[in-house]
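Student: Have a look at this one.
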Amino acid sequence: MAAGPIQFEITHICTQSGARTGVLHTPHGDVETPMFMPVGTQATVKFLSPEELYAISAGVILANTYHLWLQPGEDTVAMAGGVQKFMNYKGPMLTDSGGFQVFSLADSRKIKEEGVTFKNALNGDTLFLSPEDSIRIQNRIGADIIMSFDECIPYPADRRYAEQSMERTLRWAARGKAAHERPDEQALFGIVQGGDYEDLRLRCAEELVKMDFDGYAVGGTSVGEDKATMYRMVRWSVEKLPLDKPRYLMGVGAVNDLLEAVSCNIDMCDCVLPTRLARHGTLMTSQGRINIKRNIYKNDFTPLDPECDCECCRHYTKAYLNHLFRSHEGFGTRLMSIHNTRFLLKLMEEARQAIRQDRYNDFKAETLSRMKFDERGF
RNA sequence: GCGGCUGUGGUGAAGUUGGUUAACACACUGGAUUGUGGCUCCAGCAUUUCGUGGGUUCGAGCCCCAUCAGUCGCC
């Protein structure tokens, strides 16, 4: 294992599928891969306390550079001693670079070689974020893993734009790496872009590998493309990546997508899906999806998911969750967020187990047919 | 017993110089949701109907009569 802030140890390779398990050693503890990482944009996984995250065996959680930069500001987080101390999370953390906001806030930004001009949604101010700024802010926020500042392009994107954007993302990656001031304490990952173009994905990955990042991410997926396209983009993106470095598929959290990602030797995924779905009343269960606000659950006094070991499923009924949701009670949102997040964490625990037993392909097929989710995967 | 006011969908209620598809909100019923947009978005939701029964009119939730119900005041 090479020196550096994190070490990645591969512990088993499934003889049936080629999928792998591993351990990511970080300054804030070891986590097993492949793993799902809950998203806590504003230095909180919405509605969940750190204690609740420990209780459902969450490992790495995310925070977002862009959001923390706007509020409370990098100075405050730095004065707190870093984001982990600020929010009292004792496990490892990862910050997204703000690159996704280039995509998601497309109405109010301008992209230039130097960086991106945003409009602050909170007060209308014009703000500017460069790759160097993003890394500086992430250095001060202090997560264990930080991300290159990239551009996440929409789908579909024409080839000319995808190529120009990808080349710029490479230049931004190099600039960010040069600006990284804490390489011994924070791992920096590069992000593969290139849209739905094989040669662009391959080239982007190859160039990033030459720069020697601590890990590599696949970006630009889950932006409206169909599943076949997404899986194609992932496979092209990882083809040229070194096997001994961690691989992170960004923004993916549907069950079928997670299982496919593991097949591609993806070690890390993050997604807002479990918490967002919970807030809107949709629950993922071992029997398929449940919309808890439906009237059929009004007098259903059975657990949400009898196979789940979370606080919500062990102590509460669907009737109670239905009542809490209709009453707009935050406790219901909290319980359902716990469940959905635990559901994906447990799915990955089971995936790791199947890999260790050299039966990952069987597990994947059985799981997909058993859970009866639709094509979306939730 | 007398007088006033009110009666529109599950709820609150718009709706008079009488004129096509009865506003809006909430609730309700579905749906959406992938590097976060908690309190969001989309769609549906009174169509033999405006307490009931008559009448006037080409046409009535709107005008007239009766009646029932609720409510306030007086005796």
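Following the order of the structure tokens, chains are lettered A, B, ..., residues in each are numbered from 1, and ligands are numbered from 1.
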Dump as a Markdown table the rows for residues of chain B within 8 Å of chain A: closest atom pair and distance in Å with one decimal, only C-alpha atoms (C1' of nucleotides) counted, ordered by chain and rising residue number.

Tutor:
```
| residue | atom | partner | partner_atom | distance |
| --- | --- | --- | --- | --- |
| B:U33 | C1' | A:Leu277 | CA | 6.6 |
| B:U34 | C1' | A:Val252 | CA | 4.9 |
| B:G35 | C1' | A:Gly251 | CA | 4.6 |
| B:U36 | C1' | A:Val272 | CA | 5.8 |
| B:G38 | C1' | A:Arg279 | CA | 6.3 |
| B:C39 | C1' | A:His328 | CA | 7.9 |
```

Student: Write out as an MDAnalysis selection string which residues come within 10 Å of region 51-58 of chain B when counting only C-alpha atoms (C1' of nucleotides), dropping same-chain ones fewer than 4 positions away.

Tutor: chainID B and resid 7:8 18 63:69

Student: I'd like the interatomic distance between CA of Phe189 (chain A) and CA of Asp212 (chain A), to a tenth of an Å.

Tutor: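 Distance between the two atoms: 9.2 Å.
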
Student: For Phe128 (chain A), find every residue with an atom within 10 Å (counting only C-alpha atoms (C1' of nucleotides)), except residues of its own chain fewer than 4 positions away, and show them as an mmCIF file with all heavy atoms, in the first residue's frame.

Tutor:
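Now in around28.cif:
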```cif
data_model
loop_
_atom_site.group_PDB
_atom_site.id
_atom_site.type_symbol
_atom_site.label_atom_id
_atom_site.label_comp_id
_atom_site.auth_asym_id
_atom_site.auth_seq_id
_atom_site.Cartn_x
_atom_site.Cartn_y
_atom_site.Cartn_z
ATOM 1 N N ARG A 109 -25.519 30.245 -13.732
ATOM 2 C CA ARG A 109 -24.065 30.212 -13.707
ATOM 3 C C ARG A 109 -23.488 30.392 -15.094
ATOM 4 O O ARG A 109 -24.121 30.201 -16.112
ATOM 5 C CB ARG A 109 -23.560 28.916 -13.070
ATOM 6 C CG ARG A 109 -23.270 27.754 -14.015
ATOM 7 C CD ARG A 109 -24.518 27.212 -14.694
ATOM 8 N NE ARG A 109 -24.309 25.933 -15.336
ATOM 9 C CZ ARG A 109 -24.240 25.757 -16.665
ATOM 10 N NH1 ARG A 109 -24.299 26.786 -17.485
ATOM 11 N NH2 ARG A 109 -24.129 24.567 -17.166
ATOM 12 N N LYS A 110 -22.223 30.787 -15.104
ATOM 13 C CA LYS A 110 -21.488 30.985 -16.350
ATOM 14 C C LYS A 110 -20.143 30.283 -16.206
ATOM 15 O O LYS A 110 -19.419 30.528 -15.256
ATOM 16 C CB LYS A 110 -21.297 32.488 -16.596
ATOM 17 C CG LYS A 110 -21.265 32.879 -18.062
ATOM 18 C CD LYS A 110 -21.363 34.402 -18.216
ATOM 19 C CE LYS A 110 -22.792 34.930 -17.980
ATOM 20 N NZ LYS A 110 -22.877 36.400 -18.096
ATOM 21 N N ILE A 111 -19.833 29.415 -17.189
ATOM 22 C CA ILE A 111 -18.597 28.631 -17.101
ATOM 23 C C ILE A 111 -17.541 29.243 -18.016
ATOM 24 O O ILE A 111 -17.797 29.469 -19.205
ATOM 25 C CB ILE A 111 -18.852 27.175 -17.533
ATOM 26 C CG1 ILE A 111 -19.970 26.578 -16.686
ATOM 27 C CG2 ILE A 111 -17.574 26.356 -17.408
ATOM 28 C CD1 ILE A 111 -20.509 25.270 -17.239
ATOM 29 N N GLU A 114 -11.362 29.994 -16.480
ATOM 30 C CA GLU A 114 -10.844 30.293 -15.151
ATOM 31 C C GLU A 114 -11.662 29.625 -14.040
ATOM 32 O O GLU A 114 -11.116 29.197 -13.027
ATOM 33 C CB GLU A 114 -10.828 31.820 -14.954
ATOM 34 C CG GLU A 114 -10.318 32.294 -13.623
ATOM 35 C CD GLU A 114 -8.902 31.763 -13.285
ATOM 36 O OE1 GLU A 114 -8.142 31.417 -14.210
ATOM 37 O OE2 GLU A 114 -8.588 31.678 -12.084
ATOM 38 N N GLY A 115 -12.980 29.534 -14.257
ATOM 39 C CA GLY A 115 -13.835 28.947 -13.236
ATOM 40 C C GLY A 115 -15.298 29.209 -13.558
ATOM 41 O O GLY A 115 -15.646 29.478 -14.699
ATOM 42 N N VAL A 116 -16.125 29.158 -12.540
ATOM 43 C CA VAL A 116 -17.560 29.291 -12.753
ATOM 44 C C VAL A 116 -18.118 30.448 -11.941
ATOM 45 O O VAL A 116 -17.793 30.605 -10.763
ATOM 46 C CB VAL A 116 -18.302 27.997 -12.342
ATOM 47 C CG1 VAL A 116 -19.793 28.140 -12.565
ATOM 48 C CG2 VAL A 116 -17.753 26.816 -13.136
ATOM 49 N N THR A 117 -18.923 31.263 -12.598
ATOM 50 C CA THR A 117 -19.617 32.330 -11.910
ATOM 51 C C THR A 117 -21.009 31.836 -11.537
ATOM 52 O O THR A 117 -21.759 31.358 -12.393
ATOM 53 C CB THR A 117 -19.750 33.573 -12.821
ATOM 54 O OG1 THR A 117 -18.443 33.967 -13.253
ATOM 55 C CG2 THR A 117 -20.413 34.711 -12.085
ATOM 56 N N PHE A 118 -21.317 31.907 -10.255
ATOM 57 C CA PHE A 118 -22.624 31.484 -9.762
ATOM 58 C C PHE A 118 -23.398 32.699 -9.286
ATOM 59 O O PHE A 118 -22.816 33.709 -8.899
ATOM 60 C CB PHE A 118 -22.484 30.601 -8.503
ATOM 61 C CG PHE A 118 -21.867 29.259 -8.732
ATOM 62 C CD1 PHE A 118 -20.506 29.089 -8.629
ATOM 63 C CD2 PHE A 118 -22.664 28.166 -8.995
ATOM 64 C CE1 PHE A 118 -19.939 27.834 -8.788
ATOM 65 C CE2 PHE A 118 -22.108 26.916 -9.150
ATOM 66 C CZ PHE A 118 -20.729 26.747 -9.055
ATOM 67 N N LYS A 119 -24.681 32.544 -9.234
ATOM 68 C CA LYS A 119 -25.488 33.513 -8.498
ATOM 69 C C LYS A 119 -25.872 32.860 -7.181
ATOM 70 O O LYS A 119 -26.436 31.764 -7.148
ATOM 71 C CB LYS A 119 -26.738 33.899 -9.304
ATOM 72 C CG LYS A 119 -27.532 35.009 -8.662
ATOM 73 C CD LYS A 119 -28.692 35.457 -9.542
ATOM 74 C CE LYS A 119 -28.268 36.527 -10.534
ATOM 75 N NZ LYS A 119 -29.435 37.024 -11.317
ATOM 76 N N ASN A 120 -25.551 33.531 -6.115
ATOM 77 C CA ASN A 120 -25.884 33.011 -4.786
ATOM 78 C C ASN A 120 -27.396 32.973 -4.624
ATOM 79 O O ASN A 120 -28.060 34.001 -4.594
ATOM 80 C CB ASN A 120 -25.262 33.920 -3.717
ATOM 81 C CG ASN A 120 -25.518 33.412 -2.303
ATOM 82 O OD1 ASN A 120 -26.408 32.591 -2.080
ATOM 83 N ND2 ASN A 120 -24.718 33.882 -1.367
ATOM 84 N N ASP A 133 -10.050 27.590 -5.850
ATOM 85 C CA ASP A 133 -10.946 27.968 -4.747
ATOM 86 C C ASP A 133 -11.582 26.726 -4.130
ATOM 87 O O ASP A 133 -11.656 26.580 -2.908
ATOM 88 C CB ASP A 133 -12.088 28.867 -5.251
ATOM 89 C CG ASP A 133 -11.601 30.238 -5.699
ATOM 90 O OD1 ASP A 133 -10.613 30.734 -5.135
ATOM 91 O OD2 ASP A 133 -12.233 30.804 -6.616
#
```

Student: From a backbone DSSP assignment, name each residue in region 143-257 of chain A labelled alpha helix (DSSP H), as number ranges by chain.

Tutor: A: 159-179, 198-211, 227-238, 255-257

Student: Set the distance at 7 Å and use only C-alpha atoms (C1' of nucleotides): which residues neighbour region 1-17 of chain A once local chain neighbours fewer than 6 positions away are removed? I'd like the list as a list in words.

Tutor: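 The residues satisfying every condition are Val23, Leu24, His25, Thr26, Pro27, Asp184, Glu185, Gln186, Ala187, Lys245, Pro246, Ser263, Ile355, Arg356, Asp358, Arg359, Tyr360 and Asn361 of chain A.
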
Student: Write a file of the selected residues as an mmCIF file, in the first residue's frame, keeping C-alpha atoms.

Tutor:
```
data_model
loop_
_atom_site.group_PDB
_atom_site.id
_atom_site.type_symbol
_atom_site.label_atom_id
_atom_site.label_comp_id
_atom_site.auth_asym_id
_atom_site.auth_seq_id
_atom_site.Cartn_x
_atom_site.Cartn_y
_atom_site.Cartn_z
ATOM 1 C CA VAL A 23 -11.257 -1.801 3.172
ATOM 2 C CA LEU A 24 -10.664 1.910 2.952
ATOM 3 C CA HIS A 25 -8.373 3.045 5.756
ATOM 4 C CA THR A 26 -8.965 6.710 6.551
ATOM 5 C CA PRO A 27 -7.856 9.115 9.279
ATOM 6 C CA ASP A 184 -0.867 14.021 3.435
ATOM 7 C CA GLU A 185 -4.131 14.460 5.304
ATOM 8 C CA GLN A 186 -6.824 14.556 2.641
ATOM 9 C CA ALA A 187 -7.135 12.209 -0.323
ATOM 10 C CA LYS A 245 -7.258 2.573 -6.349
ATOM 11 C CA PRO A 246 -10.770 3.196 -5.033
ATOM 12 C CA SER A 263 -20.264 -5.419 -11.014
ATOM 13 C CA ILE A 355 -18.741 -11.303 -3.027
ATOM 14 C CA ARG A 356 -16.879 -12.991 -0.200
ATOM 15 C CA ASP A 358 -18.088 -15.906 -4.647
ATOM 16 C CA ARG A 359 -21.763 -15.696 -5.593
ATOM 17 C CA TYR A 360 -22.240 -12.052 -6.453
ATOM 18 C CA ASN A 361 -23.926 -12.661 -9.811
#
```

Student: Can you pull out the residues contacting region 301-308 of chain A? Cut-off 7 Å, using only C-alpha atoms (C1' of nucleotides), and skip same-chain residues under 6 positions away; I want them as a PDB file with N, CA, C and O atoms, in the first residue's frame.

Tutor:
```
ATOM      1  N   THR A 285     -38.307  -1.162   0.295  1.00  0.00           N
ATOM      2  CA  THR A 285     -38.320  -2.305   1.210  1.00  0.00           C
ATOM      3  C   THR A 285     -37.910  -3.569   0.458  1.00  0.00           C
ATOM      4  O   THR A 285     -37.850  -3.582  -0.775  1.00  0.00           O
ATOM      5  N   SER A 286     -37.679  -4.618   1.235  1.00  0.00           N
ATOM      6  CA  SER A 286     -37.266  -5.885   0.637  1.00  0.00           C
ATOM      7  C   SER A 286     -38.376  -6.470  -0.233  1.00  0.00           C
ATOM      8  O   SER A 286     -38.145  -7.368  -1.022  1.00  0.00           O
ATOM      9  N   TYR A 316     -42.026   0.441  14.948  1.00  0.00           N
ATOM     10  CA  TYR A 316     -43.188   1.218  14.506  1.00  0.00           C
ATOM     11  C   TYR A 316     -43.931   0.533  13.360  1.00  0.00           C
ATOM     12  O   TYR A 316     -43.363  -0.311  12.665  1.00  0.00           O
ATOM     13  N   THR A 317     -45.181   0.928  13.184  1.00  0.00           N
ATOM     14  CA  THR A 317     -46.033   0.302  12.162  1.00  0.00           C
ATOM     15  C   THR A 317     -46.251   1.248  10.977  1.00  0.00           C
ATOM     16  O   THR A 317     -46.059   2.455  11.085  1.00  0.00           O
ATOM     17  N   LYS A 318     -46.718   0.666   9.888  1.00  0.00           N
ATOM     18  CA  LYS A 318     -47.035   1.477   8.710  1.00  0.00           C
ATOM     19  C   LYS A 318     -48.169   2.455   9.023  1.00  0.00           C
ATOM     20  O   LYS A 318     -48.187   3.577   8.531  1.00  0.00           O
ATOM     21  N   ALA A 319     -49.128   2.010   9.844  1.00  0.00           N
ATOM     22  CA  ALA A 319     -50.235   2.905  10.213  1.00  0.00           C
ATOM     23  C   ALA A 319     -49.698   4.150  10.923  1.00  0.00           C
ATOM     24  O   ALA A 319     -50.145   5.270  10.666  1.00  0.00           O
TER      25      ALA A 319
END
```

Student: Per DSSP on the backbone, filter region 125-288 of chain A down to the residues in strand (DSSP E or B) and report them as a list in words.

Tutor: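 Those in region 125-288 of chain A that DSSP calls strand (DSSP E or B) are Thr126, Leu127, Phe128, Leu129, Ile145, Ile146, Met147, Ala187, Leu188, Phe189, Gly190, Ile191, Val192, Gly215, Tyr216, Ala217, Val218, Arg247, Tyr248, Leu249, Met268, Cys269, Asp270, Cys271, Thr282, Leu283, Met284, Thr285 and Gly288 of chain A.
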
Student: Measure the distance from CA of Glu163 (chain A) to CA of Glu206 (chain A) in Å and round it to one decimal.

Tutor: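 A separation of 14.5 Å between them.
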
Student: Write out as a list in words which residues come within 8 Å of Phe325 (chain A) when counting only C-alpha atoms (C1' of nucleotides), dropping same-chain ones fewer than 5 positions away.

Tutor: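 My reading of the contact set: Gly281, Ile292, Lys293, Gly332 and Thr333 of chain A.
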
Student: Would you mind exporting the chosen residues as a PDB file, in the first residue's frame, restricted to all heavy atoms?

Tutor:
```
ATOM      1  N   GLY A 281     -42.256  10.469   1.235  1.00  0.00           N
ATOM      2  CA  GLY A 281     -43.166   9.378   1.574  1.00  0.00           C
ATOM      3  C   GLY A 281     -42.967   8.078   0.825  1.00  0.00           C
ATOM      4  O   GLY A 281     -43.820   7.195   0.906  1.00  0.00           O
ATOM      5  N   ILE A 292     -46.026   5.515   1.564  1.00  0.00           N
ATOM      6  CA  ILE A 292     -46.635   5.430   2.901  1.00  0.00           C
ATOM      7  C   ILE A 292     -47.823   6.363   3.070  1.00  0.00           C
ATOM      8  O   ILE A 292     -48.632   6.184   3.971  1.00  0.00           O
ATOM      9  CB  ILE A 292     -45.571   5.708   3.996  1.00  0.00           C
ATOM     10  CG1 ILE A 292     -46.040   5.152   5.338  1.00  0.00           C
ATOM     11  CG2 ILE A 292     -45.284   7.203   4.113  1.00  0.00           C
ATOM     12  CD1 ILE A 292     -46.189   3.646   5.378  1.00  0.00           C
ATOM     13  N   LYS A 293     -47.973   7.343   2.193  1.00  0.00           N
ATOM     14  CA  LYS A 293     -49.108   8.251   2.374  1.00  0.00           C
ATOM     15  C   LYS A 293     -50.410   7.655   1.864  1.00  0.00           C
ATOM     16  O   LYS A 293     -51.480   8.200   2.124  1.00  0.00           O
ATOM     17  CB  LYS A 293     -48.817   9.597   1.705  1.00  0.00           C
ATOM     18  CG  LYS A 293     -48.561   9.526   0.231  1.00  0.00           C
ATOM     19  CD  LYS A 293     -48.067  10.885  -0.289  1.00  0.00           C
ATOM     20  CE  LYS A 293     -47.534  10.757  -1.695  1.00  0.00           C
ATOM     21  NZ  LYS A 293     -46.875  11.984  -2.161  1.00  0.00           N
ATOM     22  N   GLY A 332     -41.733  11.351  11.787  1.00  0.00           N
ATOM     23  CA  GLY A 332     -41.992  10.400  10.703  1.00  0.00           C
ATOM     24  C   GLY A 332     -40.927  10.506   9.623  1.00  0.00           C
ATOM     25  O   GLY A 332     -40.408   9.489   9.136  1.00  0.00           O
ATOM     26  N   THR A 333     -40.579  11.712   9.260  1.00  0.00           N
ATOM     27  CA  THR A 333     -39.536  11.911   8.255  1.00  0.00           C
ATOM     28  C   THR A 333     -38.224  11.303   8.739  1.00  0.00           C
ATOM     29  O   THR A 333     -37.487  10.672   7.969  1.00  0.00           O
ATOM     30  CB  THR A 333     -39.355  13.418   8.000  1.00  0.00           C
ATOM     31  OG1 THR A 333     -40.631  13.973   7.671  1.00  0.00           O
ATOM     32  CG2 THR A 333     -38.384  13.658   6.863  1.00  0.00           C
TER      33      THR A 333
END
```

Student: Applying 9 Å and only C-alpha atoms (C1' of nucleotides), which residues near Arg175 (chain A) remain after dropping the ones on its own chain fewer than 5 positions away? List them as a PyMOL selection string.

Tutor: chain A and resi 131-132+170+180

Student: Go ahead and write the selection's residues with N, CA, C and O atoms as an mmCIF file, in the first residue's frame.

Tutor:
```cif
data_model
loop_
_atom_site.group_PDB
_atom_site.id
_atom_site.type_symbol
_atom_site.label_atom_id
_atom_site.label_comp_id
_atom_site.auth_asym_id
_atom_site.auth_seq_id
_atom_site.Cartn_x
_atom_site.Cartn_y
_atom_site.Cartn_z
ATOM 1 N N PRO A 131 -11.218 26.140 -9.720
ATOM 2 C CA PRO A 131 -10.724 24.860 -9.196
ATOM 3 C C PRO A 131 -9.845 25.068 -7.962
ATOM 4 O O PRO A 131 -9.934 24.304 -7.004
ATOM 5 N N GLU A 132 -9.039 26.117 -7.985
ATOM 6 C CA GLU A 132 -8.178 26.387 -6.827
ATOM 7 C C GLU A 132 -9.021 26.769 -5.610
ATOM 8 O O GLU A 132 -8.725 26.358 -4.484
ATOM 9 N N LEU A 170 -10.225 18.250 -17.253
ATOM 10 C CA LEU A 170 -8.863 17.740 -17.030
ATOM 11 C C LEU A 170 -7.925 18.863 -16.582
ATOM 12 O O LEU A 170 -7.119 18.682 -15.666
ATOM 13 N N HIS A 180 -3.638 21.711 -4.057
ATOM 14 C CA HIS A 180 -3.958 20.934 -2.847
ATOM 15 C C HIS A 180 -2.868 21.119 -1.803
ATOM 16 O O HIS A 180 -1.713 20.738 -2.007
#
```
